[in-house]
file query.txt (compact mmCIF, C-alpha atoms)
# COMPACT_ATOMS: atom_id res chain seq x y z
CA MET A 1 2.17 21.48 49.98
CA PRO A 2 -0.47 21.40 47.20
CA ASP A 3 -2.65 18.32 46.84
CA ASN A 4 -1.77 16.80 43.45
CA SER A 5 -5.07 14.90 43.37
CA MET A 6 -6.90 18.20 42.82
CA VAL A 7 -5.48 19.01 39.38
CA VAL A 8 -4.39 16.93 36.41
CA GLU A 9 -1.80 17.89 33.88
CA LYS A 10 -2.68 17.54 30.25
CA ALA A 11 -1.04 18.12 26.92
CA GLY A 12 -2.28 20.98 24.77
CA LEU A 13 -2.24 21.42 21.03
CA THR A 14 -0.14 24.39 19.88
CA LEU A 15 -0.76 26.61 16.89
CA ALA A 16 2.52 25.34 15.42
CA ALA A 17 1.27 21.74 15.67
CA ALA A 18 -2.10 22.71 14.18
CA LYS A 19 -0.34 24.32 11.21
CA LYS A 20 1.69 21.14 10.63
CA ILE A 21 -1.48 19.04 10.77
CA VAL A 22 -3.17 21.35 8.26
CA ALA A 23 -0.09 21.23 6.00
CA ALA A 24 -0.06 17.42 5.98
CA ALA A 25 -3.80 17.30 5.27
CA GLU A 26 -3.43 19.93 2.54
CA ALA A 27 -0.62 17.93 0.89
CA GLU A 28 -2.89 14.87 0.75
CA ALA A 29 -5.75 16.92 -0.70
CA LEU A 30 -3.55 18.59 -3.31
CA LYS A 31 -2.08 15.25 -4.36
CA HIS A 32 -5.58 14.30 -5.52
CA ALA A 33 -6.75 17.81 -6.55
CA TRP A 34 -9.50 17.71 -3.91
CA PRO A 35 -10.81 21.20 -2.96
CA VAL A 36 -11.54 20.95 0.76
CA VAL A 37 -11.73 22.86 3.99
CA ILE A 38 -9.49 21.70 6.85
CA ALA A 39 -10.21 22.62 10.48
CA VAL A 40 -8.20 21.86 13.63
CA VAL A 41 -9.77 22.27 17.06
CA ASP A 42 -8.39 21.93 20.60
CA ASP A 43 -9.60 19.39 23.15
CA GLY A 44 -12.57 21.62 23.97
CA GLY A 45 -13.69 21.84 20.35
CA ASN A 46 -12.45 25.42 19.95
CA LEU A 47 -11.13 26.33 16.51
CA ILE A 48 -7.35 26.78 16.32
CA CYS A 49 -6.75 26.77 12.59
CA LEU A 50 -8.89 26.74 9.44
CA GLN A 51 -7.81 26.51 5.83
CA ARG A 52 -10.08 26.65 2.79
CA LEU A 53 -8.31 25.42 -0.32
CA ASP A 54 -8.92 27.12 -3.66
CA ASN A 55 -12.30 26.24 -5.18
CA ALA A 56 -13.59 24.63 -1.97
CA GLN A 57 -17.27 25.27 -1.42
CA PHE A 58 -17.94 27.71 1.42
CA GLY A 59 -20.58 25.39 2.86
CA SER A 60 -17.75 23.07 3.89
CA VAL A 61 -16.32 25.60 6.33
CA GLU A 62 -18.90 24.94 9.04
CA ILE A 63 -19.03 21.21 8.28
CA ALA A 64 -15.25 20.81 8.71
CA ILE A 65 -15.40 22.59 12.07
CA ARG A 66 -18.37 20.48 13.18
CA LYS A 67 -16.63 17.25 12.13
CA ALA A 68 -13.58 18.16 14.18
CA SER A 69 -15.71 19.20 17.17
CA ALA A 70 -17.73 15.97 17.03
CA ALA A 71 -14.56 13.86 16.85
CA VAL A 72 -13.09 15.47 19.94
CA ALA A 73 -16.39 15.56 21.86
CA PHE A 74 -16.99 11.84 21.47
CA LYS A 75 -13.31 10.79 21.35
CA ARG A 76 -13.73 8.85 18.12
CA PRO A 77 -13.62 9.41 14.39
CA THR A 78 -16.90 10.62 12.90
CA LYS A 79 -16.72 7.56 10.63
CA ALA A 80 -18.00 5.55 13.64
CA TRP A 81 -21.29 7.47 13.58
CA GLU A 82 -21.55 7.15 9.80
CA GLU A 83 -21.16 3.36 10.13
CA LEU A 84 -23.81 3.17 12.88
CA LEU A 85 -26.25 5.15 10.77
CA ALA A 86 -25.54 2.98 7.71
CA SER A 87 -26.29 -0.11 9.81
CA GLY A 88 -29.76 1.27 10.54
CA GLN A 89 -29.14 2.74 13.99
CA HIS A 90 -30.98 6.00 13.41
CA ARG A 91 -30.91 6.96 17.09
CA VAL A 92 -27.50 8.54 16.50
CA LEU A 93 -29.25 11.38 14.68
CA GLY A 94 -30.80 12.48 17.97
CA LEU A 95 -27.52 12.71 19.87
CA PRO A 96 -26.39 16.33 20.33
CA GLY A 97 -23.17 17.21 18.57
CA VAL A 98 -22.97 14.04 16.48
CA LEU A 99 -22.04 14.44 12.84
CA SER A 100 -22.46 11.12 11.05
CA SER A 101 -20.11 11.77 8.15
CA GLU A 102 -16.52 10.59 7.85
CA GLY A 103 -13.85 13.28 7.99
CA GLY A 104 -13.43 14.07 11.69
CA VAL A 105 -10.46 12.44 13.45
CA PRO A 106 -9.28 12.90 17.05
CA LEU A 107 -5.68 14.02 17.57
CA THR A 108 -3.80 12.02 20.18
CA TRP A 109 -0.50 12.80 21.87
CA LYS A 110 1.00 10.33 24.35
CA GLY A 111 -2.38 8.70 24.90
CA GLN A 112 -4.26 11.97 25.46
CA ILE A 113 -6.73 13.49 23.04
CA VAL A 114 -5.48 17.01 22.43
CA GLY A 115 -7.87 18.05 19.67
CA ALA A 116 -9.23 16.93 16.34
CA VAL A 117 -9.02 17.59 12.64
CA GLY A 118 -12.07 17.90 10.42
CA VAL A 119 -12.21 17.91 6.63
CA SER A 120 -15.10 18.61 4.27
CA GLY A 121 -15.49 19.17 0.56
CA VAL A 122 -15.32 15.84 -1.27
CA LYS A 123 -16.74 12.35 -0.67
CA SER A 124 -16.76 11.50 3.04
CA SER A 125 -14.26 8.66 2.53
CA GLU A 126 -11.90 11.13 0.85
CA ASP A 127 -12.46 13.67 3.63
CA GLY A 128 -11.48 10.91 6.06
CA GLN A 129 -8.36 10.06 4.08
CA ILE A 130 -7.25 13.70 4.21
CA ALA A 131 -8.05 14.02 7.93
CA ARG A 132 -6.07 10.87 8.75
CA ALA A 133 -3.10 12.26 6.79
CA GLY A 134 -3.24 15.37 8.97
CA ALA A 135 -3.62 13.37 12.18
CA SER A 136 -0.60 11.23 11.29
CA VAL A 137 1.66 14.20 12.11
CA LEU A 138 1.24 13.44 15.82
CA GLU A 139 1.89 9.69 15.50

call {"tool": "encode", "arguments": {"input": "query.txt", "output": "structure tokens"}}
result
Amino acid sequence: MPDNSMVVEKAGLTLAAAKKIVAAAEAEALKHAWPVVIAVVDDGGNLICLQRLDNAQFGSVEIAIRKASAAVAFKRPTKAWEELLASGQHRVLGLPGVLSSEGGVPLTWKGQIVGAVGVSGVKSSEDGQIARAGASVLE
């Protein structure tokens, strides 16, 4: 009989779920006419889905992916790092993988982080608003 203490079971984000998250984020962005890039990564920070809305700057592609990766790596929204930096805690800039700009939000399913969504293209608070709209699909 296998020893169940050797392996844990975990939820995984599907492409279908990632597409729904992107669609919800896109709807929020379009409601405000915000041209953004939306990225969804799995729990290892690997890209599952990317969408660049019309007129979104191409520089936001990498930033959206990095926001999502940072949110999943540190199991917290990237807004937390932005707030620490704003409060004068500059040490966060030296932490590998940190992106101190709002717009990265972990995706949680039944208490497990299964990935993250990252958004870039407008003000960071607006990026965060769009990312939270996408993340709400799993709530």

call {"tool": "residues_around", "arguments": {"input": "query.txt", "residues": "Gln57 of chain A", "least_positions_apart": "3", "cutoff": "8 Å", "atoms": "all atoms listed in the file", "output": "short mmCIF file (atom, residue, chain, number, x, y, z; two decimals) with C-alpha atoms, in the frame of the given file"}}
result
data_model
loop_
_atom_site.label_atom_id
_atom_site.label_comp_id
_atom_site.auth_asym_id
_atom_site.auth_seq_id
_atom_site.Cartn_x
_atom_site.Cartn_y
_atom_site.Cartn_z
CA PRO A 35 -10.81 21.20 -2.96
CA VAL A 36 -11.54 20.95 0.76
CA SER A 60 -17.75 23.07 3.89
CA VAL A 61 -16.32 25.60 6.33
CA GLY A 121 -15.49 19.17 0.56
#

call {"tool": "residues_around", "arguments": {"input": "query.txt", "residues": "segment 87-97 of chain A", "least_positions_apart": "5", "cutoff": "10 Å", "atoms": "all atoms listed in the file", "output": "PyMOL selection string"}}
result
chain A and resi 66-67+69-71+73-74+81-82

call {"tool": "atom_distance", "arguments": {"input": "query.txt", "atom1": "atom CA of Gly134 of chain A", "atom2": "atom CA of Ala24 of chain A"}}
result
4.8 Å

call {"tool": "atom_distance", "arguments": {"input": "query.txt", "atom1": "atom CA of Lys10 of chain A", "atom2": "atom CA of Val72 of chain A"}}
result
14.8 Å

call {"tool": "closest_residue", "arguments": {"input": "query.txt", "among": "A:Val98, A:Cys49, A:Met6, A:Ala68", "to": "Val22 of chain A", "atoms": "only C-alpha atoms"}}
result
A:Cys49

call {"tool": "residues_around", "arguments": {"input": "query.txt", "residues": "Asp127 of chain A", "least_positions_apart": "2", "cutoff": "9 Å", "atoms": "all atoms listed in the file", "output": "list of chain:residue names"}}
result
A:Ala29, A:Val36, A:Glu102, A:Gly103, A:Gly104, A:Gly118, A:Val119, A:Ser120, A:Gly121, A:Val122, A:Lys123, A:Ser124, A:Ser125, A:Gln129, A:Ile130, A:Ala131, A:Arg132

call {"tool": "atom_distance", "arguments": {"input": "query.txt", "atom1": "atom CA of Asn46 of chain A", "atom2": "atom CA of Lys79 of chain A"}}
result
20.6 Å

call {"tool": "closest_residue", "arguments": {"input": "query.txt", "among": "A:Ala11, A:Ala135, A:Leu99, A:Leu84", "to": "Asp43 of chain A", "atoms": "all atoms listed in the file"}}
result
A:Ala11

call {"tool": "closest_residue", "arguments": {"input": "query.txt", "among": "A:Leu13, A:Val8, A:Val37, A:Ile48", "to": "Ala25 of chain A", "atoms": "all atoms listed in the file"}}
result
A:Val37

call {"tool": "residues_around", "arguments": {"input": "query.txt", "residues": "Ala18 of chain A", "least_positions_apart": "3", "cutoff": "12 Å", "atoms": "only C-alpha atoms", "output": "PDB file with C-alpha atoms, in the frame of the given file"}}
result
ATOM      1  CA  GLY A  12      -2.280  20.980  24.770  1.00  0.00           C
ATOM      2  CA  LEU A  13      -2.240  21.420  21.030  1.00  0.00           C
ATOM      3  CA  THR A  14      -0.140  24.390  19.880  1.00  0.00           C
ATOM      4  CA  LEU A  15      -0.760  26.610  16.890  1.00  0.00           C
ATOM      5  CA  ILE A  21      -1.480  19.040  10.770  1.00  0.00           C
ATOM      6  CA  VAL A  22      -3.170  21.350   8.260  1.00  0.00           C
ATOM      7  CA  ALA A  23      -0.090  21.230   6.000  1.00  0.00           C
ATOM      8  CA  ALA A  24      -0.060  17.420   5.980  1.00  0.00           C
ATOM      9  CA  ALA A  25      -3.800  17.300   5.270  1.00  0.00           C
ATOM     10  CA  ILE A  38      -9.490  21.700   6.850  1.00  0.00           C
ATOM     11  CA  ALA A  39     -10.210  22.620  10.480  1.00  0.00           C
ATOM     12  CA  VAL A  40      -8.200  21.860  13.630  1.00  0.00           C
ATOM     13  CA  VAL A  41      -9.770  22.270  17.060  1.00  0.00           C
ATOM     14  CA  ASP A  42      -8.390  21.930  20.600  1.00  0.00           C
ATOM     15  CA  LEU A  47     -11.130  26.330  16.510  1.00  0.00           C
ATOM     16  CA  ILE A  48      -7.350  26.780  16.320  1.00  0.00           C
ATOM     17  CA  CYS A  49      -6.750  26.770  12.590  1.00  0.00           C
ATOM     18  CA  LEU A  50      -8.890  26.740   9.440  1.00  0.00           C
ATOM     19  CA  GLN A  51      -7.810  26.510   5.830  1.00  0.00           C
ATOM     20  CA  LEU A 107      -5.680  14.020  17.570  1.00  0.00           C
ATOM     21  CA  VAL A 114      -5.480  17.010  22.430  1.00  0.00           C
ATOM     22  CA  GLY A 115      -7.870  18.050  19.670  1.00  0.00           C
ATOM     23  CA  ALA A 116      -9.230  16.930  16.340  1.00  0.00           C
ATOM     24  CA  VAL A 117      -9.020  17.590  12.640  1.00  0.00           C
ATOM     25  CA  GLY A 118     -12.070  17.900  10.420  1.00  0.00           C
ATOM     26  CA  GLY A 134      -3.240  15.370   8.970  1.00  0.00           C
ATOM     27  CA  ALA A 135      -3.620  13.370  12.180  1.00  0.00           C
ATOM     28  CA  SER A 136      -0.600  11.230  11.290  1.00  0.00           C
ATOM     29  CA  VAL A 137       1.660  14.200  12.110  1.00  0.00           C
ATOM     30  CA  LEU A 138       1.240  13.440  15.820  1.00  0.00           C
TER      31      LEU A 138
END

call {"tool": "closest_residue", "arguments": {"input": "query.txt", "among": "A:Leu53, A:Gly45, A:Ala80, A:Gly128", "to": "Ile65 of chain A", "atoms": "only C-alpha atoms"}}
result
A:Gly45

call {"tool": "closest_residue", "arguments": {"input": "query.txt", "among": "A:Ala56, A:Ala86, A:Ala17, A:Ala27", "to": "Ser100 of chain A", "atoms": "only C-alpha atoms"}}
result
A:Ala86

call {"tool": "closest_residue", "arguments": {"input": "query.txt", "among": "A:Asp54, A:Glu9, A:Ile63, A:Arg76", "to": "Leu30 of chain A", "atoms": "only C-alpha atoms"}}
result
A:Asp54
